[in-house]
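Undergrad: Pasting in a structure now, in structure tokens, and then I'll have a few things to ask.
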Amino acid sequence: MRKVYNFSAGPGMLPEEVMVTAKEEMLDWHGTGSSIMELGHRGLDFATIIKETEADLRELMNIPRNYKVLFVTGGATAQFAMVPMNLMSDKKRADYVVTGVWGKKAMEEAMRFGDIEMAAQSAHRNHLLAAPLQEEWDLRDGIDYIHYVANETIDGLEFNFVPNITEVPLVCDMSSMILSRPVDVSKYGLIYAGAQKNMGQAGITVVIIRDDLIKTPVFLTPTLYQYQTHAVHHSLYNTPPTYSWYMLGLVLKWVKRHGGIPAFYEINKRKAKKLYDTIDASHGFYECRIHPSSRSLMNVIFGLPTDELDDLFVSEAAKQGLTNLKGHRAVGGIRASIYNAMPEAGVDALVKFMQEFAAKYAKG
């Protein structure tokens with residue numbers, strides 16, 4: 001049994017069932033006498049993992065047949081460059097919607113390759129930060145694609161709607177919310193997500209791309225940064241992070257065993273509601289500056305009246321087995337990441353601690 005509840009934003013908490021299986025199979029994977037880390041990525045044994053991982057992801061997300069599923073390295077950050085290098089045509093124009101740190105980084109990287117403009121950004125609604133409504137997006141004609149981040153891990157802001165874009169490909173970074181709620185893949189041209197938050201271990205990234213978008217990239221794009229390279233070679237052009245791929249496969253099977261994405265969505269809504277209700281009922285001792293319409297299900301961000309209380313909260317929580325609650329250095333405060341692997345009991349323990357801490361330190 002775990003001794004702590006790990007609220008880290010990434011690498012995030014992994015399901016205990018998955019960790020137990022990985023431990024049991026560490027020295028001898030399925031009677032081979034070898035660890036999965038020692039098996040060749042082109043051999044018949046690892047081919048089983050490749051086949052089952054893609055099949056399980058396709059089943060869980062209901063991925064249409066005209067989409068390729070690629071398993072690549074470099075994290076979501078590499079996709080900030082791969083997207084423009086592979087999706088830009090001779091026009092080399094794209095629009096970005098920016099609602100936080102990662103959206104801004106993605107846009108700045110894309111500027112190296114073409115004419116990039118910000119179509120919309122988060123703004124205050126009733127004095128609280130919110131994602132821009134689609135009617136507020138200022139999209140240009142003649143662009144190659146539109147990019148946005150579904151859930152901003154650092155800022156705690158999530159889109160509660162899927163943009164209705166049909167004229168050009170819709171591209172989305174889903175790193176911190178993939179598998180947490182149902183997604184209609186057919187509404188997107190390309191989805192990418194690093195595994196280390198909600199799908200498994202750091203080191204592997206999933207790219208779900210519509211077939212027609214796999215084309216000749218911009219001139220001088222490195223071979224390893226071309227989607228067509230990974231599609232043609234079935235994600236085996238170079239040696240992949242085999243153990244991360246294996247862990248991703250274990251997590252997907254765990255999600256399937258526990259009811260699939262719809263079941264986790266219901267649990268995730270319940271977990272997040274408990275935390276936000278506690279914040280809202282604290283009479284201002286805890287403050288969430290995100291508008292209720294845009295509050296993240298995965299990364300609950302809040303602050304206390306002073307930086308000193310923030311630090312005390314983090315240290316006292318750790319003593320209670322509630323770890324990695326310190327907010328990102330860019331925004332400070334407290335961040336509770338409650339991905340699929342965080343059991344509801346962990347959220348209940350955090351709520352209890354928050355109530356006791358507020359009773360002890362709130363003035364008046």
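Within each chain, counting starts at residue 1; across the structure tokens, chains are named A, B, ... in the order shown, with ligands numbered 1 upward in that order.
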Residues of stretch 138-169 of chain A that approach stretch 94-99 of chain A to 10 Å or less, counting only C-alpha atoms: could you list each one with the shortest pair of atoms and its distance in Å to one decimal, rows by chain and increasing residue number, as a tab-separated table?
TA:
```
residue	atom	partner	partner_atom	distance
A:Asp138	CA	A:Asp95	CA	8.8
A:Leu139	CA	A:Asp95	CA	6.7
A:Arg140	CA	A:Asp95	CA	7.4
A:Asp141	CA	A:Ala94	CA	9.6
A:Gly142	CA	A:Ala94	CA	8.5
A:Ile143	CA	A:Ala94	CA	5.0
A:Asp144	CA	A:Ala94	CA	5.4
A:Tyr145	CA	A:Ala94	CA	5.3
A:Ile146	CA	A:Asp95	CA	5.0
A:His147	CA	A:Tyr96	CA	4.8
A:Tyr148	CA	A:Val97	CA	5.1
A:Val149	CA	A:Thr99	CA	7.4
A:Ala150	CA	A:Thr99	CA	9.0
A:Asn151	CA	A:Thr99	CA	8.7
A:Glu152	CA	A:Thr99	CA	7.1
A:Asp155	CA	A:Thr99	CA	8.2
A:Gly156	CA	A:Thr99	CA	9.8
A:Leu157	CA	A:Thr99	CA	7.3
A:Glu158	CA	A:Thr99	CA	8.5
A:Phe159	CA	A:Thr99	CA	9.2
A:Val168	CA	A:Ala94	CA	9.8
```
Undergrad: Suppose we keep N, CA and C atoms; can you now write the selection as a tab-separated table (two decimals), in the first residue's frame?
TA:
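Now in again.tsv:
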```tsv
chain	number	residue	atom	x	y	z
A	138	ASP	N	-10.77	35.30	-33.17
A	138	ASP	CA	-10.58	36.09	-34.40
A	138	ASP	C	-9.67	35.29	-35.33
A	139	LEU	N	-10.29	34.43	-36.13
A	139	LEU	CA	-9.54	33.54	-37.00
A	139	LEU	C	-9.35	34.16	-38.38
A	140	ARG	N	-8.17	33.99	-38.93
A	140	ARG	CA	-7.86	34.54	-40.25
A	140	ARG	C	-8.26	33.56	-41.34
A	141	ASP	N	-8.44	34.08	-42.53
A	141	ASP	CA	-8.63	33.22	-43.70
A	141	ASP	C	-7.27	32.70	-44.17
A	142	GLY	N	-7.29	31.56	-44.82
A	142	GLY	CA	-6.07	31.06	-45.44
A	142	GLY	C	-5.05	30.50	-44.48
A	143	ILE	N	-5.50	29.99	-43.34
A	143	ILE	CA	-4.55	29.39	-42.40
A	143	ILE	C	-4.49	27.88	-42.61
A	144	ASP	N	-3.39	27.27	-42.14
A	144	ASP	CA	-3.19	25.84	-42.29
A	144	ASP	C	-3.85	25.04	-41.17
A	145	TYR	N	-3.93	25.61	-39.98
A	145	TYR	CA	-4.54	24.93	-38.85
A	145	TYR	C	-4.77	25.90	-37.70
A	146	ILE	N	-5.53	25.44	-36.70
A	146	ILE	CA	-5.77	26.19	-35.47
A	146	ILE	C	-5.31	25.32	-34.31
A	147	HIS	N	-4.60	25.90	-33.36
A	147	HIS	CA	-4.05	25.14	-32.24
A	147	HIS	C	-4.54	25.71	-30.91
A	148	TYR	N	-4.86	24.81	-29.99
A	148	TYR	CA	-5.15	25.23	-28.62
A	148	TYR	C	-4.77	24.13	-27.64
A	149	VAL	N	-4.68	24.47	-26.37
A	149	VAL	CA	-4.38	23.52	-25.30
A	149	VAL	C	-5.67	23.29	-24.52
A	150	ALA	N	-6.12	22.04	-24.46
A	150	ALA	CA	-7.42	21.75	-23.83
A	150	ALA	C	-7.42	22.04	-22.35
A	151	ASN	N	-6.30	21.76	-21.68
A	151	ASN	CA	-6.21	21.97	-20.23
A	151	ASN	C	-4.82	22.48	-19.90
A	152	GLU	N	-4.76	23.67	-19.30
A	152	GLU	CA	-3.48	24.26	-18.94
A	152	GLU	C	-3.08	23.78	-17.54
A	155	ASP	N	-1.81	26.67	-15.13
A	155	ASP	CA	-2.76	27.73	-14.83
A	155	ASP	C	-4.09	27.22	-14.29
A	156	GLY	N	-4.38	25.93	-14.44
A	156	GLY	CA	-5.62	25.37	-13.91
A	156	GLY	C	-6.86	25.78	-14.67
A	157	LEU	N	-6.71	25.98	-15.98
A	157	LEU	CA	-7.81	26.44	-16.81
A	157	LEU	C	-8.07	25.41	-17.91
A	158	GLU	N	-9.33	25.02	-18.08
A	158	GLU	CA	-9.69	23.98	-19.05
A	158	GLU	C	-10.87	24.42	-19.90
A	159	PHE	N	-10.85	24.06	-21.17
A	159	PHE	CA	-11.99	24.31	-22.04
A	159	PHE	C	-13.10	23.33	-21.69
A	168	VAL	N	-10.63	24.17	-41.34
A	168	VAL	CA	-9.21	23.82	-41.28
A	168	VAL	C	-9.01	22.84	-40.13
```
Undergrad: Distance table requested - stretch 11-118 of chain A against stretch 239-251 of chain A, cut-off 10 Å, only C-alpha atoms: one row per qualifying residue with the closest atom pair and its distance in Å to one decimal, ordered by chain and rising residue number, as a tab-separated table.
TA:
```
residue	atom	partner	partner_atom	distance
A:Leu14	CA	A:Val251	CA	8.0
A:Pro15	CA	A:Val251	CA	7.5
A:Glu17	CA	A:Val251	CA	9.0
A:Val18	CA	A:Leu250	CA	6.1
A:Met19	CA	A:Met247	CA	8.8
A:Thr21	CA	A:Leu250	CA	8.2
A:Ala22	CA	A:Met247	CA	7.6
A:Ser35	CA	A:Tyr243	CA	9.4
A:Ile36	CA	A:Tyr243	CA	6.7
A:Met37	CA	A:Tyr243	CA	5.6
A:Glu38	CA	A:Thr242	CA	8.9
A:Leu39	CA	A:Thr242	CA	8.4
A:Gly40	CA	A:Thr242	CA	8.6
A:His41	CA	A:Thr242	CA	6.8
A:Arg42	CA	A:Thr239	CA	8.9
A:Phe46	CA	A:Thr242	CA	8.3
A:Ile49	CA	A:Tyr246	CA	6.5
A:Ile50	CA	A:Trp245	CA	7.8
A:Lys51	CA	A:Gly249	CA	9.7
A:Glu52	CA	A:Gly249	CA	7.3
A:Thr53	CA	A:Gly249	CA	4.8
A:Glu54	CA	A:Gly249	CA	8.3
A:Ala55	CA	A:Gly249	CA	9.8
A:Asp56	CA	A:Gly249	CA	7.8
A:Leu57	CA	A:Gly249	CA	8.6
A:Phe71	CA	A:Trp245	CA	8.0
A:Val72	CA	A:Pro240	CA	7.2
A:Thr73	CA	A:Pro240	CA	7.3
```
Undergrad: For atom CA of A:Leu190 and atom CA of A:Val171, determine how far apart the two atoms are, in Å to one decimal place.
TA: 4.8 Å
Undergrad: Could you please determine the separation between atom CA of A:Ala119 and atom CA of A:Arg295 in Å, to one decimal place?
TA: 21.3 Å
Undergrad: For the structure I just gave you, how does DSSP split stretch 4-248 of chain A - specifically, which residues are alpha helix (DSSP H)? Reply as an mmCIF file with N, CA, C and O atoms, in the first residue's frame.
TA:
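Result went into out.cif, see below:
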```cif
data_model
loop_
_atom_site.group_PDB
_atom_site.id
_atom_site.type_symbol
_atom_site.label_atom_id
_atom_site.label_comp_id
_atom_site.auth_asym_id
_atom_site.auth_seq_id
_atom_site.Cartn_x
_atom_site.Cartn_y
_atom_site.Cartn_z
ATOM 1 N N GLU A 16 -1.925 2.135 -8.516
ATOM 2 C CA GLU A 16 -1.210 1.134 -7.722
ATOM 3 C C GLU A 16 -1.267 -0.241 -8.381
ATOM 4 O O GLU A 16 -0.283 -0.990 -8.368
ATOM 5 N N GLU A 17 -2.402 -0.584 -8.972
ATOM 6 C CA GLU A 17 -2.520 -1.875 -9.659
ATOM 7 C C GLU A 17 -1.466 -2.005 -10.755
ATOM 8 O O GLU A 17 -0.878 -3.071 -10.952
ATOM 9 N N VAL A 18 -1.243 -0.931 -11.472
ATOM 10 C CA VAL A 18 -0.270 -0.934 -12.562
ATOM 11 C C VAL A 18 1.144 -1.101 -12.004
ATOM 12 O O VAL A 18 1.953 -1.873 -12.554
ATOM 13 N N MET A 19 1.442 -0.407 -10.921
ATOM 14 C CA MET A 19 2.771 -0.501 -10.326
ATOM 15 C C MET A 19 3.048 -1.905 -9.812
ATOM 16 O O MET A 19 4.159 -2.431 -9.941
ATOM 17 N N VAL A 20 2.027 -2.547 -9.241
ATOM 18 C CA VAL A 20 2.188 -3.918 -8.746
ATOM 19 C C VAL A 20 2.471 -4.874 -9.907
ATOM 20 O O VAL A 20 3.356 -5.729 -9.826
ATOM 21 N N THR A 21 1.724 -4.725 -10.991
ATOM 22 C CA THR A 21 1.956 -5.570 -12.166
ATOM 23 C C THR A 21 3.362 -5.367 -12.717
ATOM 24 O O THR A 21 4.061 -6.339 -13.047
ATOM 25 N N ALA A 22 3.779 -4.114 -12.827
ATOM 26 C CA ALA A 22 5.116 -3.820 -13.345
ATOM 27 C C ALA A 22 6.191 -4.436 -12.445
ATOM 28 O O ALA A 22 7.206 -4.961 -12.932
ATOM 29 N N LYS A 23 5.968 -4.386 -11.141
ATOM 30 C CA LYS A 23 6.918 -4.985 -10.194
ATOM 31 C C LYS A 23 7.000 -6.495 -10.391
ATOM 32 O O LYS A 23 8.088 -7.071 -10.439
ATOM 33 N N GLU A 24 5.842 -7.124 -10.520
ATOM 34 C CA GLU A 24 5.800 -8.583 -10.671
ATOM 35 C C GLU A 24 6.442 -9.036 -11.981
ATOM 36 O O GLU A 24 7.011 -10.131 -12.052
ATOM 37 N N GLU A 25 6.345 -8.194 -13.019
ATOM 38 C CA GLU A 25 6.873 -8.574 -14.329
ATOM 39 C C GLU A 25 8.277 -8.040 -14.601
ATOM 40 O O GLU A 25 8.829 -8.272 -15.681
ATOM 41 N N LEU A 44 9.066 -10.363 -31.745
ATOM 42 C CA LEU A 44 7.675 -10.798 -31.656
ATOM 43 C C LEU A 44 7.069 -10.513 -30.290
ATOM 44 O O LEU A 44 5.880 -10.223 -30.182
ATOM 45 N N ASP A 45 7.878 -10.587 -29.219
ATOM 46 C CA ASP A 45 7.345 -10.348 -27.877
ATOM 47 C C ASP A 45 6.882 -8.899 -27.725
ATOM 48 O O ASP A 45 5.767 -8.633 -27.268
ATOM 49 N N PHE A 46 7.732 -7.956 -28.116
ATOM 50 C CA PHE A 46 7.340 -6.554 -27.972
ATOM 51 C C PHE A 46 6.243 -6.183 -28.959
ATOM 52 O O PHE A 46 5.455 -5.264 -28.708
ATOM 53 N N ALA A 47 6.155 -6.905 -30.061
ATOM 54 C CA ALA A 47 5.090 -6.637 -31.035
ATOM 55 C C ALA A 47 3.715 -6.802 -30.401
ATOM 56 O O ALA A 47 2.754 -6.116 -30.784
ATOM 57 N N THR A 48 3.610 -7.683 -29.417
ATOM 58 C CA THR A 48 2.343 -7.860 -28.702
ATOM 59 C C THR A 48 1.949 -6.581 -27.980
ATOM 60 O O THR A 48 0.784 -6.161 -28.011
ATOM 61 N N ILE A 49 2.909 -5.957 -27.325
ATOM 62 C CA ILE A 49 2.641 -4.700 -26.617
ATOM 63 C C ILE A 49 2.248 -3.608 -27.597
ATOM 64 O O ILE A 49 1.296 -2.848 -27.360
ATOM 65 N N ILE A 50 2.951 -3.515 -28.714
ATOM 66 C CA ILE A 50 2.644 -2.502 -29.724
ATOM 67 C C ILE A 50 1.201 -2.651 -30.212
ATOM 68 O O ILE A 50 0.433 -1.683 -30.250
ATOM 69 N N LYS A 51 0.839 -3.855 -30.573
ATOM 70 C CA LYS A 51 -0.487 -4.116 -31.123
ATOM 71 C C LYS A 51 -1.578 -3.846 -30.101
ATOM 72 O O LYS A 51 -2.579 -3.173 -30.392
ATOM 73 N N GLU A 52 -1.408 -4.346 -28.885
ATOM 74 C CA GLU A 52 -2.442 -4.206 -27.871
ATOM 75 C C GLU A 52 -2.583 -2.767 -27.385
ATOM 76 O O GLU A 52 -3.696 -2.309 -27.120
ATOM 77 N N THR A 53 -1.481 -2.061 -27.271
ATOM 78 C CA THR A 53 -1.548 -0.665 -26.814
ATOM 79 C C THR A 53 -2.351 0.183 -27.785
ATOM 80 O O THR A 53 -3.237 0.948 -27.375
ATOM 81 N N GLU A 54 -2.056 0.061 -29.075
ATOM 82 C CA GLU A 54 -2.817 0.839 -30.054
ATOM 83 C C GLU A 54 -4.281 0.415 -30.083
ATOM 84 O O GLU A 54 -5.187 1.270 -30.125
ATOM 85 N N ALA A 55 -4.546 -0.883 -30.032
ATOM 86 C CA ALA A 55 -5.925 -1.370 -30.062
ATOM 87 C C ALA A 55 -6.713 -0.877 -28.850
ATOM 88 O O ALA A 55 -7.877 -0.468 -28.976
ATOM 89 N N ASP A 56 -6.086 -0.895 -27.679
ATOM 90 C CA ASP A 56 -6.774 -0.443 -26.461
ATOM 91 C C ASP A 56 -7.057 1.057 -26.510
ATOM 92 O O ASP A 56 -8.140 1.505 -26.105
ATOM 93 N N LEU A 57 -6.103 1.835 -26.998
ATOM 94 C CA LEU A 57 -6.325 3.279 -27.092
ATOM 95 C C LEU A 57 -7.422 3.588 -28.102
ATOM 96 O O LEU A 57 -8.285 4.445 -27.864
ATOM 97 N N ARG A 58 -7.403 2.897 -29.235
ATOM 98 C CA ARG A 58 -8.456 3.097 -30.239
ATOM 99 C C ARG A 58 -9.828 2.753 -29.653
ATOM 100 O O ARG A 58 -10.811 3.468 -29.904
ATOM 101 N N GLU A 59 -9.903 1.691 -28.890
ATOM 102 C CA GLU A 59 -11.184 1.310 -28.293
ATOM 103 C C GLU A 59 -11.639 2.322 -27.257
ATOM 104 O O GLU A 59 -12.806 2.745 -27.269
ATOM 105 N N LEU A 60 -10.749 2.730 -26.379
ATOM 106 C CA LEU A 60 -11.114 3.659 -25.302
ATOM 107 C C LEU A 60 -11.569 5.008 -25.853
ATOM 108 O O LEU A 60 -12.531 5.595 -25.353
ATOM 109 N N MET A 61 -10.879 5.512 -26.873
ATOM 110 C CA MET A 61 -11.172 6.843 -27.404
ATOM 111 C C MET A 61 -12.035 6.789 -28.661
ATOM 112 O O MET A 61 -12.339 7.835 -29.236
ATOM 113 N N GLY A 75 8.237 14.346 -25.773
ATOM 114 C CA GLY A 75 7.189 14.991 -25.003
ATOM 115 C C GLY A 75 6.325 15.896 -25.861
ATOM 116 O O GLY A 75 6.539 16.044 -27.072
ATOM 117 N N ALA A 76 5.345 16.524 -25.226
ATOM 118 C CA ALA A 76 4.486 17.461 -25.953
ATOM 119 C C ALA A 76 5.299 18.634 -26.483
ATOM 120 O O ALA A 76 4.955 19.219 -27.512
ATOM 121 N N THR A 77 6.391 18.960 -25.810
ATOM 122 C CA THR A 77 7.211 20.091 -26.241
ATOM 123 C C THR A 77 7.763 19.881 -27.648
ATOM 124 O O THR A 77 7.841 20.827 -28.443
ATOM 125 N N ALA A 78 8.127 18.663 -27.986
ATOM 126 C CA ALA A 78 8.597 18.395 -29.353
ATOM 127 C C ALA A 78 7.489 18.630 -30.369
ATOM 128 O O ALA A 78 7.749 19.055 -31.500
ATOM 129 N N GLN A 79 6.246 18.383 -29.960
ATOM 130 C CA GLN A 79 5.118 18.603 -30.861
ATOM 131 C C GLN A 79 4.899 20.084 -31.159
ATOM 132 O O GLN A 79 4.308 20.427 -32.186
ATOM 133 N N PHE A 80 5.372 20.955 -30.278
ATOM 134 C CA PHE A 80 5.265 22.387 -30.557
ATOM 135 C C PHE A 80 5.962 22.726 -31.873
ATOM 136 O O PHE A 80 5.549 23.646 -32.586
ATOM 137 N N ALA A 81 7.026 21.980 -32.195
ATOM 138 C CA ALA A 81 7.733 22.186 -33.459
ATOM 139 C C ALA A 81 7.230 21.249 -34.552
ATOM 140 O O ALA A 81 7.110 21.648 -35.714
ATOM 141 N N MET A 82 6.928 19.998 -34.200
ATOM 142 C CA MET A 82 6.508 19.032 -35.215
ATOM 143 C C MET A 82 5.193 19.422 -35.879
ATOM 144 O O MET A 82 5.005 19.191 -37.077
ATOM 145 N N VAL A 83 4.279 20.010 -35.118
ATOM 146 C CA VAL A 83 2.994 20.409 -35.698
ATOM 147 C C VAL A 83 3.183 21.396 -36.845
ATOM 148 O O VAL A 83 2.727 21.152 -37.974
ATOM 149 N N PRO A 84 3.842 22.539 -36.637
ATOM 150 C CA PRO A 84 3.999 23.465 -37.769
ATOM 151 C C PRO A 84 4.866 22.900 -38.882
ATOM 152 O O PRO A 84 4.597 23.146 -40.069
ATOM 153 N N MET A 85 5.881 22.130 -38.551
ATOM 154 C CA MET A 85 6.757 21.597 -39.598
ATOM 155 C C MET A 85 6.017 20.617 -40.505
ATOM 156 O O MET A 85 6.351 20.482 -41.683
ATOM 157 N N ASN A 86 5.016 19.934 -39.972
ATOM 158 C CA ASN A 86 4.309 18.914 -40.740
ATOM 159 C C ASN A 86 2.970 19.374 -41.314
ATOM 160 O O ASN A 86 2.509 18.824 -42.312
ATOM 161 N N LEU A 87 2.340 20.349 -40.695
ATOM 162 C CA LEU A 87 1.004 20.749 -41.142
ATOM 163 C C LEU A 87 0.992 22.004 -41.993
ATOM 164 O O LEU A 87 -0.018 22.313 -42.627
ATOM 165 N N VAL A 101 0.476 28.966 -19.934
ATOM 166 C CA VAL A 101 1.914 28.855 -20.200
ATOM 167 C C VAL A 101 2.208 27.966 -21.402
ATOM 168 O O VAL A 101 3.002 28.318 -22.281
ATOM 169 N N TRP A 102 1.552 26.795 -21.487
ATOM 170 C CA TRP A 102 1.892 25.858 -22.552
ATOM 171 C C TRP A 102 1.375 26.319 -23.910
ATOM 172 O O TRP A 102 2.054 26.120 -24.929
ATOM 173 N N GLY A 103 0.229 26.947 -23.944
ATOM 174 C CA GLY A 103 -0.252 27.503 -25.196
ATOM 175 C C GLY A 103 0.671 28.579 -25.726
ATOM 176 O O GLY A 103 0.935 28.673 -26.933
ATOM 177 N N LYS A 104 1.206 29.382 -24.799
ATOM 178 C CA LYS A 104 2.132 30.448 -25.187
ATOM 179 C C LYS A 104 3.432 29.857 -25.727
ATOM 180 O O LYS A 104 3.973 30.318 -26.735
ATOM 181 N N LYS A 105 3.937 28.817 -25.062
ATOM 182 C CA LYS A 105 5.168 28.181 -25.525
ATOM 183 C C LYS A 105 4.977 27.548 -26.906
ATOM 184 O O LYS A 105 5.862 27.615 -27.762
ATOM 185 N N ALA A 106 3.819 26.915 -27.102
ATOM 186 C CA ALA A 106 3.545 26.294 -28.401
ATOM 187 C C ALA A 106 3.524 27.337 -29.508
ATOM 188 O O ALA A 106 4.072 27.130 -30.596
ATOM 189 N N MET A 107 2.878 28.474 -29.246
ATOM 190 C CA MET A 107 2.790 29.526 -30.235
ATOM 191 C C MET A 107 4.167 30.114 -30.545
ATOM 192 O O MET A 107 4.521 30.333 -31.713
ATOM 193 N N GLU A 108 4.970 30.346 -29.514
ATOM 194 C CA GLU A 108 6.297 30.931 -29.720
ATOM 195 C C GLU A 108 7.188 29.994 -30.538
ATOM 196 O O GLU A 108 7.966 30.451 -31.383
ATOM 197 N N GLU A 109 7.068 28.689 -30.319
ATOM 198 C CA GLU A 109 7.862 27.741 -31.104
ATOM 199 C C GLU A 109 7.417 27.745 -32.556
ATOM 200 O O GLU A 109 8.243 27.698 -33.475
ATOM 201 N N ALA A 110 6.103 27.813 -32.780
ATOM 202 C CA ALA A 110 5.581 27.802 -34.143
ATOM 203 C C ALA A 110 6.026 29.027 -34.932
ATOM 204 O O ALA A 110 6.136 28.976 -36.164
ATOM 205 N N TYR A 227 5.992 13.250 -39.445
ATOM 206 C CA TYR A 227 4.937 12.299 -39.111
ATOM 207 C C TYR A 227 4.903 11.132 -40.101
ATOM 208 O O TYR A 227 4.625 9.993 -39.723
ATOM 209 N N GLN A 228 5.206 11.407 -41.359
ATOM 210 C CA GLN A 228 5.167 10.333 -42.341
ATOM 211 C C GLN A 228 6.230 9.273 -42.048
ATOM 212 O O GLN A 228 6.028 8.078 -42.314
ATOM 213 N N THR A 229 7.347 9.673 -41.478
ATOM 214 C CA THR A 229 8.376 8.708 -41.083
ATOM 215 C C THR A 229 7.822 7.727 -40.056
ATOM 216 O O THR A 229 7.973 6.509 -40.178
ATOM 217 N N HIS A 230 7.163 8.264 -39.019
ATOM 218 C CA HIS A 230 6.634 7.413 -37.953
ATOM 219 C C HIS A 230 5.449 6.584 -38.437
ATOM 220 O O HIS A 230 5.258 5.443 -38.003
ATOM 221 N N ALA A 231 4.665 7.133 -39.351
ATOM 222 C CA ALA A 231 3.520 6.386 -39.875
ATOM 223 C C ALA A 231 3.978 5.210 -40.736
ATOM 224 O O ALA A 231 3.492 4.088 -40.594
ATOM 225 N N VAL A 232 4.920 5.460 -41.614
ATOM 226 C CA VAL A 232 5.411 4.409 -42.513
ATOM 227 C C VAL A 232 6.092 3.290 -41.732
ATOM 228 O O VAL A 232 5.937 2.102 -42.043
ATOM 229 N N THR A 242 10.910 1.772 -24.847
ATOM 230 C CA THR A 242 10.110 0.560 -24.734
ATOM 231 C C THR A 242 9.414 0.415 -23.380
ATOM 232 O O THR A 242 8.270 -0.030 -23.315
ATOM 233 N N TYR A 243 10.099 0.770 -22.299
ATOM 234 C CA TYR A 243 9.468 0.602 -20.983
ATOM 235 C C TYR A 243 8.306 1.577 -20.812
ATOM 236 O O TYR A 243 7.260 1.233 -20.256
ATOM 237 N N SER A 244 8.457 2.784 -21.299
ATOM 238 C CA SER A 244 7.363 3.757 -21.234
ATOM 239 C C SER A 244 6.173 3.282 -22.060
ATOM 240 O O SER A 244 5.012 3.484 -21.671
ATOM 241 N N TRP A 245 6.453 2.663 -23.187
ATOM 242 C CA TRP A 245 5.391 2.114 -24.042
ATOM 243 C C TRP A 245 4.651 1.001 -23.293
ATOM 244 O O TRP A 245 3.421 0.910 -23.308
ATOM 245 N N TYR A 246 5.431 0.143 -22.641
ATOM 246 C CA TYR A 246 4.863 -0.938 -21.830
ATOM 247 C C TYR A 246 3.971 -0.393 -20.713
ATOM 248 O O TYR A 246 2.851 -0.878 -20.488
ATOM 249 N N MET A 247 4.448 0.643 -20.000
ATOM 250 C CA MET A 247 3.668 1.223 -18.904
ATOM 251 C C MET A 247 2.389 1.872 -19.427
ATOM 252 O O MET A 247 1.325 1.774 -18.801
ATOM 253 N N LEU A 248 2.466 2.529 -20.569
ATOM 254 C CA LEU A 248 1.280 3.098 -21.200
ATOM 255 C C LEU A 248 0.251 1.999 -21.466
ATOM 256 O O LEU A 248 -0.947 2.159 -21.188
#
```
Undergrad: What lies within 12 Å of A:Glu356 using only C-alpha atoms, ignoring chain neighbours under 6 positions off, as a PyMOL selection string?
TA: chain A and resi 278+282+313+316-317+320+349-350+362
Undergrad: Take the residues just selected and output them with N, CA and C atoms as a compact mmCIF listing (two decimals), in the first residue's frame.
TA:
```txt
# COMPACT_ATOMS: atom_id res chain seq x y z
N THR A 278 -14.89 22.99 -1.38
CA THR A 278 -14.15 23.32 -0.16
C THR A 278 -13.52 24.70 -0.28
N SER A 282 -14.76 28.38 1.94
CA SER A 282 -13.76 28.79 2.93
C SER A 282 -13.82 30.27 3.29
N PHE A 313 1.15 25.46 4.38
CA PHE A 313 0.17 24.48 3.90
C PHE A 313 0.87 23.30 3.26
N GLU A 316 2.86 21.23 5.99
CA GLU A 316 1.98 20.51 6.91
C GLU A 316 1.24 19.38 6.18
N ALA A 317 0.86 19.63 4.92
CA ALA A 317 0.17 18.60 4.15
C ALA A 317 1.09 17.40 3.92
N GLN A 320 1.14 14.92 6.51
CA GLN A 320 -0.07 14.10 6.53
C GLN A 320 -0.12 13.12 5.35
N ALA A 349 -9.00 12.96 1.71
CA ALA A 349 -7.99 13.27 2.71
C ALA A 349 -7.51 14.71 2.58
N LEU A 350 -7.38 15.19 1.36
CA LEU A 350 -6.96 16.58 1.14
C LEU A 350 -8.04 17.54 1.60
N ALA A 362 -7.32 30.52 9.70
CA ALA A 362 -8.16 31.62 9.18
C ALA A 362 -8.45 32.62 10.28
```
Undergrad: What does the distance between atom CA of A:Glu136 and atom CA of A:Ala120 come to in Å, to one decimal place?
TA: 6.9 Å
Undergrad: Check the smallest atom-to-atom distance from each of A:Ile116, A:Val314, A:Leu27, A:Met88 to A:Thr216 using only C-alpha atoms, then report the winner.
TA: A:Met88
Undergrad: Check the smallest atom-to-atom distance from each of A:Leu179, A:Lys274, A:Asp280, A:Tyr192 to A:Asn62 using only C-alpha atoms, then report the winner.
TA: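 Of A:Leu179, A:Lys274, A:Asp280, A:Tyr192, the one nearest A:Asn62 is A:Leu179, counting only C-alpha atoms.
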Undergrad: So that I can see what lies close to A:Pro11, please list as a list in words the residues with an atom at most 7 Å from it, counting only C-alpha atoms and leaving out residues fewer than 6 positions away in the same chain.
TA: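 Contacts, in chain order: Gln196, Lys197, Gln201 and Ala202 of chain A.
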Undergrad: Residues within 10 Å of A:Ile267, please, as a PDB file with C-alpha atoms, in the first residue's frame. Count only C-alpha atoms; anything in the same chain fewer than 5 positions from it doesn't count.
TA:
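Final output, selection_24.pdb:
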```
ATOM      1  CA  SER A 180     -10.116  11.989 -18.210  1.00  0.00           C
ATOM      2  CA  ARG A 181     -13.293  12.728 -20.184  1.00  0.00           C
ATOM      3  CA  ILE A 261     -13.324   6.865 -19.940  1.00  0.00           C
ATOM      4  CA  PRO A 262     -17.026   7.559 -19.136  1.00  0.00           C
ATOM      5  CA  ALA A 272     -12.931  18.118  -8.557  1.00  0.00           C
ATOM      6  CA  LYS A 273     -16.276  19.260  -7.140  1.00  0.00           C
ATOM      7  CA  ASN A 340      -7.311   9.336 -13.112  1.00  0.00           C
ATOM      8  CA  PRO A 343      -8.203   7.739  -5.809  1.00  0.00           C
ATOM      9  CA  GLU A 344     -11.192   9.550  -4.396  1.00  0.00           C
TER      10      GLU A 344
END
```
Undergrad: Rank nothing, just name the residue among A:Ala359, A:Cys288, A:Val347, A:Ala131 nearest to A:Asn160, using only C-alpha atoms.
TA: A:Ala131
